[in-house]
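coords_9.txt (compact mmCIF, N, CA and C atoms) appears below.
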# COMPACT_ATOMS: atom_id res chain seq x y z
N MET M 173 25.25 14.15 -11.55
CA MET M 173 25.05 13.32 -10.38
C MET M 173 26.33 12.58 -10.04
N TYR M 174 26.51 12.37 -8.77
CA TYR M 174 27.68 11.69 -8.26
C TYR M 174 27.28 10.36 -7.64
N SER M 175 28.26 9.48 -7.49
CA SER M 175 28.03 8.17 -6.88
C SER M 175 28.41 8.24 -5.40
N TYR M 176 27.53 7.73 -4.55
CA TYR M 176 27.76 7.75 -3.10
C TYR M 176 27.43 6.38 -2.52
N GLU M 177 28.16 6.02 -1.47
CA GLU M 177 27.83 4.86 -0.65
C GLU M 177 27.44 5.38 0.72
N VAL M 178 26.29 4.94 1.20
CA VAL M 178 25.79 5.34 2.51
C VAL M 178 25.74 4.08 3.38
N VAL M 179 26.39 4.14 4.53
CA VAL M 179 26.37 3.03 5.49
C VAL M 179 25.66 3.51 6.74
N LEU M 180 24.65 2.77 7.16
CA LEU M 180 23.88 3.11 8.37
C LEU M 180 24.10 2.02 9.41
N ILE M 181 24.12 2.42 10.66
CA ILE M 181 24.11 1.47 11.76
C ILE M 181 22.88 1.79 12.58
N GLY M 182 21.98 0.82 12.67
CA GLY M 182 20.74 0.99 13.42
C GLY M 182 20.85 0.42 14.82
N ARG M 183 19.95 0.84 15.69
CA ARG M 183 19.94 0.38 17.08
C ARG M 183 19.79 -1.14 17.14
N GLN M 184 20.33 -1.74 18.20
CA GLN M 184 20.29 -3.19 18.34
C GLN M 184 18.91 -3.73 18.66
N ASP M 185 18.02 -2.92 19.21
CA ASP M 185 16.70 -3.41 19.58
C ASP M 185 15.70 -3.35 18.42
N LEU M 186 16.12 -2.90 17.26
CA LEU M 186 15.25 -2.95 16.08
C LEU M 186 15.23 -4.36 15.53
N SER M 187 14.12 -4.72 14.88
CA SER M 187 14.09 -6.01 14.20
C SER M 187 14.71 -5.84 12.81
N GLN M 188 14.99 -6.96 12.18
CA GLN M 188 15.56 -6.92 10.84
C GLN M 188 14.59 -6.26 9.87
N GLN M 189 13.31 -6.53 10.01
CA GLN M 189 12.31 -5.94 9.12
C GLN M 189 12.23 -4.43 9.30
N GLN M 190 12.33 -3.95 10.54
CA GLN M 190 12.30 -2.51 10.78
C GLN M 190 13.51 -1.83 10.16
N MET M 191 14.68 -2.46 10.27
CA MET M 191 15.89 -1.87 9.69
C MET M 191 15.81 -1.87 8.17
N GLU M 192 15.30 -2.95 7.58
CA GLU M 192 15.16 -2.99 6.13
C GLU M 192 14.14 -1.94 5.66
N ALA M 193 13.08 -1.75 6.42
CA ALA M 193 12.08 -0.73 6.07
C ALA M 193 12.69 0.67 6.14
N LEU M 194 13.55 0.89 7.12
CA LEU M 194 14.24 2.18 7.24
C LEU M 194 15.13 2.42 6.02
N GLY M 195 15.85 1.40 5.60
CA GLY M 195 16.70 1.51 4.42
C GLY M 195 15.90 1.73 3.15
N VAL M 196 14.77 1.05 3.04
CA VAL M 196 13.90 1.23 1.86
C VAL M 196 13.34 2.64 1.83
N ASN M 197 12.95 3.17 2.97
CA ASN M 197 12.43 4.55 3.03
C ASN M 197 13.48 5.56 2.60
N LEU M 198 14.72 5.35 3.01
CA LEU M 198 15.79 6.26 2.58
C LEU M 198 16.04 6.11 1.08
N GLY M 199 15.93 4.90 0.57
CA GLY M 199 16.06 4.68 -0.87
C GLY M 199 14.93 5.35 -1.64
N LEU M 200 13.73 5.32 -1.09
CA LEU M 200 12.59 6.01 -1.73
C LEU M 200 12.81 7.52 -1.74
N PHE M 201 13.38 8.04 -0.67
CA PHE M 201 13.69 9.48 -0.65
C PHE M 201 14.65 9.84 -1.79
N VAL M 202 15.64 8.99 -2.02
CA VAL M 202 16.61 9.24 -3.09
C VAL M 202 15.92 9.21 -4.44
N THR M 203 15.08 8.21 -4.69
CA THR M 203 14.42 8.11 -5.99
C THR M 203 13.39 9.22 -6.21
N GLN M 204 12.74 9.67 -5.15
CA GLN M 204 11.77 10.76 -5.28
C GLN M 204 12.45 12.09 -5.60
N ASN M 205 13.74 12.19 -5.31
CA ASN M 205 14.49 13.42 -5.58
C ASN M 205 15.42 13.25 -6.78
N ASN M 206 14.93 12.54 -7.78
CA ASN M 206 15.63 12.35 -9.06
C ASN M 206 16.98 11.65 -8.91
N GLY M 207 17.10 10.78 -7.95
CA GLY M 207 18.31 9.99 -7.78
C GLY M 207 18.06 8.56 -8.22
N GLU M 208 19.11 7.76 -8.20
CA GLU M 208 19.01 6.37 -8.60
C GLU M 208 19.69 5.50 -7.55
N VAL M 209 18.95 4.55 -7.01
CA VAL M 209 19.52 3.60 -6.06
C VAL M 209 20.06 2.43 -6.88
N VAL M 210 21.37 2.25 -6.85
CA VAL M 210 22.00 1.17 -7.60
C VAL M 210 21.87 -0.14 -6.84
N ARG M 211 22.13 -0.10 -5.55
CA ARG M 211 22.02 -1.30 -4.73
C ARG M 211 21.74 -0.89 -3.29
N SER M 212 20.94 -1.66 -2.61
CA SER M 212 20.76 -1.48 -1.17
C SER M 212 20.77 -2.88 -0.56
N GLU M 213 21.46 -3.00 0.56
CA GLU M 213 21.67 -4.33 1.14
C GLU M 213 21.69 -4.26 2.65
N TYR M 214 20.95 -5.16 3.28
CA TYR M 214 21.00 -5.33 4.73
C TYR M 214 22.14 -6.28 5.03
N CYS M 215 23.05 -5.88 5.91
CA CYS M 215 24.26 -6.67 6.17
C CYS M 215 24.24 -7.38 7.51
N GLY M 216 23.19 -7.26 8.27
CA GLY M 216 23.05 -8.04 9.48
C GLY M 216 23.35 -7.29 10.76
N LEU M 217 23.10 -8.00 11.86
CA LEU M 217 23.37 -7.50 13.20
C LEU M 217 24.78 -7.93 13.58
N ARG M 218 25.62 -6.94 13.89
CA ARG M 218 27.03 -7.22 14.15
C ARG M 218 27.46 -6.55 15.45
N ASN M 219 28.50 -7.10 16.07
CA ASN M 219 29.07 -6.49 17.27
C ASN M 219 29.80 -5.21 16.88
N LEU M 220 29.68 -4.20 17.72
CA LEU M 220 30.40 -2.95 17.51
C LEU M 220 31.73 -3.00 18.27
N ALA M 221 32.70 -2.25 17.81
CA ALA M 221 34.01 -2.22 18.47
C ALA M 221 33.91 -1.57 19.84
N TYR M 222 33.01 -0.63 19.98
CA TYR M 222 32.80 0.05 21.26
C TYR M 222 31.32 0.44 21.34
N ALA M 223 30.84 0.69 22.54
CA ALA M 223 29.44 1.02 22.73
C ALA M 223 29.13 2.40 22.14
N ILE M 224 28.05 2.48 21.39
CA ILE M 224 27.58 3.74 20.82
C ILE M 224 26.16 3.96 21.35
N LYS M 225 25.99 5.01 22.11
CA LYS M 225 24.69 5.32 22.71
C LYS M 225 24.11 4.10 23.42
N LYS M 226 24.96 3.44 24.21
CA LYS M 226 24.61 2.27 25.01
C LYS M 226 24.24 1.04 24.18
N ASN M 227 24.63 1.00 22.93
CA ASN M 227 24.40 -0.16 22.07
C ASN M 227 25.71 -0.89 21.85
N ARG M 228 25.73 -2.19 22.09
CA ARG M 228 26.91 -3.02 21.87
C ARG M 228 26.86 -3.70 20.50
N LYS M 229 25.68 -3.74 19.89
CA LYS M 229 25.50 -4.34 18.56
C LYS M 229 24.77 -3.33 17.70
N GLY M 230 24.81 -3.56 16.39
CA GLY M 230 24.11 -2.66 15.49
C GLY M 230 23.74 -3.36 14.19
N HIS M 231 22.62 -2.94 13.61
CA HIS M 231 22.19 -3.44 12.31
C HIS M 231 22.85 -2.59 11.23
N TYR M 232 23.57 -3.23 10.32
CA TYR M 232 24.25 -2.52 9.23
C TYR M 232 23.40 -2.57 7.97
N TYR M 233 23.33 -1.43 7.28
CA TYR M 233 22.60 -1.34 6.02
C TYR M 233 23.41 -0.44 5.09
N VAL M 234 23.58 -0.87 3.83
CA VAL M 234 24.39 -0.14 2.86
C VAL M 234 23.52 0.22 1.67
N ILE M 235 23.62 1.49 1.25
CA ILE M 235 22.90 1.98 0.07
C ILE M 235 23.94 2.57 -0.88
N GLN M 236 23.90 2.13 -2.13
CA GLN M 236 24.74 2.72 -3.18
C GLN M 236 23.80 3.47 -4.11
N ALA M 237 24.06 4.77 -4.30
CA ALA M 237 23.13 5.60 -5.07
C ALA M 237 23.88 6.65 -5.88
N ARG M 238 23.22 7.09 -6.94
CA ARG M 238 23.71 8.22 -7.75
C ARG M 238 22.74 9.38 -7.53
N VAL M 239 23.23 10.43 -6.89
CA VAL M 239 22.39 11.58 -6.54
C VAL M 239 23.21 12.86 -6.63
N THR M 240 22.52 13.98 -6.48
CA THR M 240 23.19 15.27 -6.45
C THR M 240 23.68 15.57 -5.03
N ALA M 241 24.55 16.54 -4.91
CA ALA M 241 25.10 16.90 -3.60
C ALA M 241 24.03 17.46 -2.67
N ALA M 242 23.05 18.17 -3.22
CA ALA M 242 21.98 18.74 -2.39
C ALA M 242 21.13 17.63 -1.77
N VAL M 243 20.88 16.57 -2.52
CA VAL M 243 20.09 15.45 -1.99
C VAL M 243 20.88 14.73 -0.90
N VAL M 244 22.18 14.60 -1.09
CA VAL M 244 23.01 13.95 -0.07
C VAL M 244 23.01 14.77 1.22
N ALA M 245 23.06 16.07 1.11
CA ALA M 245 23.02 16.93 2.30
C ALA M 245 21.70 16.75 3.04
N GLU M 246 20.61 16.67 2.31
CA GLU M 246 19.30 16.46 2.95
C GLU M 246 19.19 15.06 3.54
N LEU M 247 19.73 14.07 2.84
CA LEU M 247 19.73 12.70 3.35
C LEU M 247 20.54 12.61 4.64
N ASP M 248 21.66 13.30 4.69
CA ASP M 248 22.48 13.35 5.89
C ASP M 248 21.71 13.98 7.05
N ARG M 249 20.98 15.05 6.78
CA ARG M 249 20.18 15.71 7.81
C ARG M 249 19.09 14.78 8.33
N ILE M 250 18.44 14.04 7.44
CA ILE M 250 17.38 13.11 7.84
C ILE M 250 17.96 12.00 8.73
N MET M 251 19.13 11.49 8.37
CA MET M 251 19.73 10.42 9.17
C MET M 251 20.17 10.91 10.54
N LYS M 252 20.60 12.17 10.63
CA LYS M 252 20.98 12.74 11.94
C LYS M 252 19.77 12.86 12.86
N LEU M 253 18.61 13.17 12.29
CA LEU M 253 17.40 13.36 13.09
C LEU M 253 16.74 12.05 13.51
N ASN M 254 17.00 10.98 12.79
CA ASN M 254 16.35 9.71 13.07
C ASN M 254 17.00 9.05 14.28
N GLU M 255 16.21 8.74 15.30
CA GLU M 255 16.72 8.17 16.53
C GLU M 255 17.10 6.70 16.39
N ASP M 256 16.59 6.03 15.35
CA ASP M 256 16.90 4.62 15.14
C ASP M 256 18.29 4.42 14.53
N ILE M 257 18.86 5.46 13.96
CA ILE M 257 20.19 5.39 13.36
C ILE M 257 21.20 5.94 14.37
N ILE M 258 22.13 5.06 14.80
CA ILE M 258 23.10 5.51 15.81
C ILE M 258 24.38 6.04 15.16
N ARG M 259 24.71 5.60 13.95
CA ARG M 259 25.84 6.14 13.19
C ARG M 259 25.53 6.01 11.70
N HIS M 260 26.10 6.92 10.93
CA HIS M 260 26.00 6.82 9.47
C HIS M 260 27.24 7.42 8.84
N LEU M 261 27.51 7.00 7.63
CA LEU M 261 28.66 7.48 6.90
C LEU M 261 28.29 7.58 5.43
N VAL M 262 28.59 8.72 4.83
CA VAL M 262 28.33 8.94 3.41
C VAL M 262 29.68 9.16 2.74
N VAL M 263 29.98 8.34 1.74
CA VAL M 263 31.26 8.40 1.06
C VAL M 263 31.02 8.56 -0.44
N LYS M 264 31.70 9.54 -1.04
CA LYS M 264 31.64 9.73 -2.49
C LYS M 264 32.65 8.79 -3.13
N VAL M 265 32.20 8.03 -4.12
CA VAL M 265 33.06 7.06 -4.80
C VAL M 265 33.12 7.35 -6.29
N ASP M 266 34.19 6.91 -6.94
CA ASP M 266 34.32 7.09 -8.38
C ASP M 266 33.38 6.14 -9.13
N LYS M 267 33.40 4.87 -8.73
CA LYS M 267 32.48 3.89 -9.31
C LYS M 267 32.18 2.83 -8.27
N PHE M 268 31.08 2.13 -8.48
CA PHE M 268 30.67 1.11 -7.53
C PHE M 268 31.36 -0.20 -7.84
N ASP M 269 31.67 -0.94 -6.78
CA ASP M 269 32.25 -2.26 -6.94
C ASP M 269 31.12 -3.23 -7.25
N GLU M 270 31.31 -4.08 -8.22
CA GLU M 270 30.26 -5.01 -8.65
C GLU M 270 30.12 -6.20 -7.71
N ARG M 271 31.12 -6.44 -6.87
CA ARG M 271 31.06 -7.56 -5.94
C ARG M 271 30.17 -7.22 -4.76
N ASP M 272 30.05 -8.17 -3.84
CA ASP M 272 29.26 -7.95 -2.63
C ASP M 272 29.89 -6.84 -1.80
N VAL M 273 29.07 -6.25 -0.94
CA VAL M 273 29.55 -5.23 -0.02
C VAL M 273 30.54 -5.87 0.95
N LEU M 274 31.61 -5.17 1.28
CA LEU M 274 32.67 -5.73 2.11
C LEU M 274 32.18 -6.15 3.49
N ILE M 275 31.18 -5.48 4.01
CA ILE M 275 30.66 -5.86 5.33
C ILE M 275 30.10 -7.27 5.27
N SER M 276 29.41 -7.61 4.21
CA SER M 276 28.88 -8.95 4.05
C SER M 276 29.99 -9.96 3.87
N GLN M 277 31.03 -9.61 3.13
CA GLN M 277 32.16 -10.50 2.93
C GLN M 277 32.88 -10.76 4.25
N ALA M 278 33.02 -9.74 5.07
CA ALA M 278 33.71 -9.89 6.34
C ALA M 278 32.95 -10.85 7.25
N LYS M 279 31.64 -10.83 7.21
CA LYS M 279 30.85 -11.72 8.04
C LYS M 279 31.07 -13.16 7.61
N SER M 280 31.06 -13.44 6.32
CA SER M 280 31.26 -14.80 5.86
C SER M 280 32.70 -15.25 6.10
N PHE M 281 33.66 -14.34 6.01
CA PHE M 281 35.05 -14.66 6.26
C PHE M 281 35.26 -15.05 7.71
N SER M 282 34.65 -14.33 8.63
CA SER M 282 34.84 -14.64 10.05
C SER M 282 34.16 -15.94 10.43
N ASP M 283 33.14 -16.37 9.67
CA ASP M 283 32.50 -17.65 9.95
C ASP M 283 33.43 -18.81 9.59
N ASP M 284 34.32 -18.61 8.63
CA ASP M 284 35.22 -19.66 8.19
C ASP M 284 36.33 -19.93 9.20
N PHE M 285 36.75 -18.91 9.93
CA PHE M 285 37.86 -19.04 10.85
C PHE M 285 37.39 -18.75 12.26
N SER M 286 37.79 -19.61 13.16
CA SER M 286 37.45 -19.35 14.56
C SER M 286 38.70 -18.83 15.26
N PHE M 287 38.50 -17.97 16.22
CA PHE M 287 39.61 -17.37 16.94
C PHE M 287 40.21 -18.39 17.88
N GLN M 288 41.50 -18.60 17.76
CA GLN M 288 42.23 -19.49 18.66
C GLN M 288 43.25 -18.65 19.41
N PRO M 289 43.17 -18.59 20.74
CA PRO M 289 44.15 -17.79 21.47
C PRO M 289 45.55 -18.37 21.30
N ARG M 290 46.51 -17.48 21.21
CA ARG M 290 47.89 -17.87 21.01
C ARG M 290 48.46 -18.37 22.32
N ASP M 291 49.13 -19.50 22.28
CA ASP M 291 49.78 -20.03 23.47
C ASP M 291 51.27 -20.08 23.21
N ASP M 292 51.97 -19.06 23.66
CA ASP M 292 53.42 -19.03 23.46
C ASP M 292 54.17 -19.57 24.67
N GLY M 293 53.44 -20.07 25.65
CA GLY M 293 54.08 -20.66 26.80
C GLY M 293 54.38 -19.69 27.93
N TYR M 294 54.39 -18.40 27.63
CA TYR M 294 54.77 -17.44 28.66
C TYR M 294 53.77 -17.43 29.81
N ARG M 295 52.49 -17.37 29.46
CA ARG M 295 51.48 -17.30 30.51
C ARG M 295 51.48 -18.57 31.36
N SER M 296 51.58 -19.71 30.71
CA SER M 296 51.55 -20.95 31.47
C SER M 296 52.79 -21.08 32.37
N GLN M 297 53.95 -20.59 31.91
CA GLN M 297 55.14 -20.62 32.75
C GLN M 297 54.96 -19.72 33.96
N ARG M 298 54.36 -18.55 33.76
CA ARG M 298 54.15 -17.62 34.88
C ARG M 298 53.17 -18.24 35.88
N GLN M 299 52.13 -18.91 35.38
CA GLN M 299 51.16 -19.49 36.28
C GLN M 299 51.76 -20.65 37.07
N LYS M 300 52.63 -21.47 36.42
CA LYS M 300 53.24 -22.60 37.10
C LYS M 300 54.20 -22.13 38.19
N SER M 301 54.92 -21.05 37.91
CA SER M 301 55.89 -20.56 38.89
C SER M 301 55.22 -19.75 39.99
N GLY M 302 53.93 -19.54 39.85
CA GLY M 302 53.23 -18.78 40.87
C GLY M 302 53.43 -17.30 40.74
N GLY M 303 53.96 -16.86 39.61
CA GLY M 303 54.22 -15.45 39.40
C GLY M 303 52.91 -14.67 39.36
N GLY M 304 52.92 -13.55 39.97
CA GLY M 304 51.71 -12.74 40.02
C GLY M 304 51.79 -11.55 39.10
N ASP M 305 52.15 -10.43 39.65
CA ASP M 305 52.18 -9.19 38.89
C ASP M 305 53.35 -9.17 37.91
N PHE M 306 53.16 -8.39 36.87
CA PHE M 306 54.19 -8.24 35.85
C PHE M 306 55.30 -7.35 36.40
N VAL M 307 56.52 -7.79 36.23
CA VAL M 307 57.67 -7.02 36.68
C VAL M 307 58.53 -6.73 35.47
N ALA M 308 58.96 -5.50 35.32
CA ALA M 308 59.74 -5.09 34.16
C ALA M 308 61.07 -5.83 34.11
N ASP M 309 61.60 -6.27 35.25
CA ASP M 309 62.88 -6.97 35.27
C ASP M 309 62.79 -8.32 34.58
N ASP M 310 61.58 -8.86 34.43
CA ASP M 310 61.41 -10.13 33.75
C ASP M 310 61.83 -10.05 32.29
N LEU M 311 61.77 -8.87 31.71
CA LEU M 311 62.08 -8.70 30.30
C LEU M 311 63.57 -8.52 30.04
N VAL M 312 64.31 -8.09 31.03
CA VAL M 312 65.72 -7.78 30.87
C VAL M 312 66.55 -8.90 31.46
N GLU M 313 67.57 -9.32 30.73
CA GLU M 313 68.47 -10.32 31.27
C GLU M 313 69.18 -9.72 32.48
N SER M 314 69.35 -10.54 33.47
CA SER M 314 70.05 -10.02 34.65
C SER M 314 71.55 -10.03 34.38
N LYS M 315 72.18 -8.92 34.54
CA LYS M 315 73.62 -8.77 34.35
C LYS M 315 74.20 -8.15 35.60
N ASP M 316 75.39 -8.52 35.89
CA ASP M 316 76.05 -7.91 37.04
C ASP M 316 76.73 -6.64 36.58
N VAL M 317 76.11 -5.53 36.92
CA VAL M 317 76.63 -4.24 36.49
C VAL M 317 77.13 -3.52 37.72
N THR M 318 78.37 -3.15 37.67
CA THR M 318 78.94 -2.41 38.81
C THR M 318 79.29 -1.02 38.34
N ALA M 319 79.03 -0.08 39.20
CA ALA M 319 79.36 1.31 38.86
C ALA M 319 80.86 1.48 38.98
N GLY M 320 81.41 2.06 38.03
CA GLY M 320 82.84 2.09 38.15
C GLY M 320 83.46 3.20 37.54
Same coordinates, now as C-alpha cells:
Amino acid sequence: MYSYEVVLIGRQDLSQQQMEALGVNLGLFVTQNNGEVVRSEYCGLRNLAYAIKKNRKGHYYVIQARVTAAVVAELDRIMKLNEDIIRHLVVKVDKFDERDVLISQAKSFSDDFSFQPRDDGYRSQRQKSGGGDFVADDLVESKDVTAG
C-alpha cells in the first residue's frame, strides 16, 4: 500500500455538513477496500483564484490515506463522476506530515495579516497632475538626442 493525499474542492452552494458527509463517504470507500484513512479534515469555504464551473468559492476537504493503486484509480473515477466535486487532486507522498494540513494553516495565517495596498506615491502624483493614460515616455528620462 502507498500513501496518498486527496484534496477535493466542492461546490460553493453545498453546506459544510454536506461537504463533510461527502468526505466521510469517500473515506468509507477507502476503508471498505482494505485501505486506511490516516486523517480527513474539512478546511473550510475559501475563495478560488479563478472561477471553476461558475463557482467563485469552494469547500476544501483533505483525506490522507494508505491504499493500493487500484483503489486510488477507482476513487479518482468516483470523484470525476460526482457533480458536487468541482476539482480534485490525488498526490502520492512518501510519508504524511504530522502537523496540520497546509490549507488550514494558510487560512489562519491570512487572518493574522490584513492586506494593505502599497502607496509608493506614483499613483497619487499622477492623479494630482491630472495624468490620465499611461505613456511609455514617463518611464524614460527625456534626453536630447540628435541624429548625427
For this session: Choose the residue, out of M:Gln236, M:Lys252, M:His231, M:Ala242, that has the smallest atom-to-atom separation from Ile181 of chain M; count only C-alpha atoms.
Result: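 Of the candidates, the smallest distance to Ile181 of chain M is held by M:His231.
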For this session: Determine, counting all atoms listed in the file, which protein, DNA and RNA residues have an atom within 8 Å of an atom of segment 243-246 of chain M; residues of the same chain fewer than 4 positions away are not included. Present the result as a list in words.
Result: Phe201, Val202, Asn205, Val239, Ile250, Met251 and Lys252 of chain M
Seminar exercise, completed: Taken to one decimal, the atom CA of Val265 of chain M-atom C of Asn227 of chain M distance is 28.8 Å
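Minimum distance to Val196 of chain M across M:Arg238, M:Lys264, M:Lys229, M:Arg211 (counting only C-alpha atoms) occurs at M:Arg211.
For the atom pair formed by atom C of Leu198 of chain M and atom CA of Lys226 of chain M, the distance is 25.7 Å, given to one decimal.
Taking atom CA of Ile258 of chain M and atom CA of Thr240 of chain M as endpoints, the distance between them is 24.3 Å.
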Exercise. From the list M:Ala223, M:Met173, M:Ile235, M:Ile257, which residue is nearest Val209 of chain M when using only C-alpha atoms?
Worked result: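 Closest residue, counting only C-alpha atoms: M:Ile235.
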For this session: Could you check which of M:Ala193, M:Asp269, M:Arg259, M:Ser175 is closest to Ile224 of chain M, using only N, CA and C atoms?
Result: M:Arg259
Exercise. Of the candidates M:Leu253, M:Gln188, M:Ala237, M:Arg228, which one gets nearest to Ser212 of chain M if we count only N, CA and C atoms?
Worked result: M:Ala237
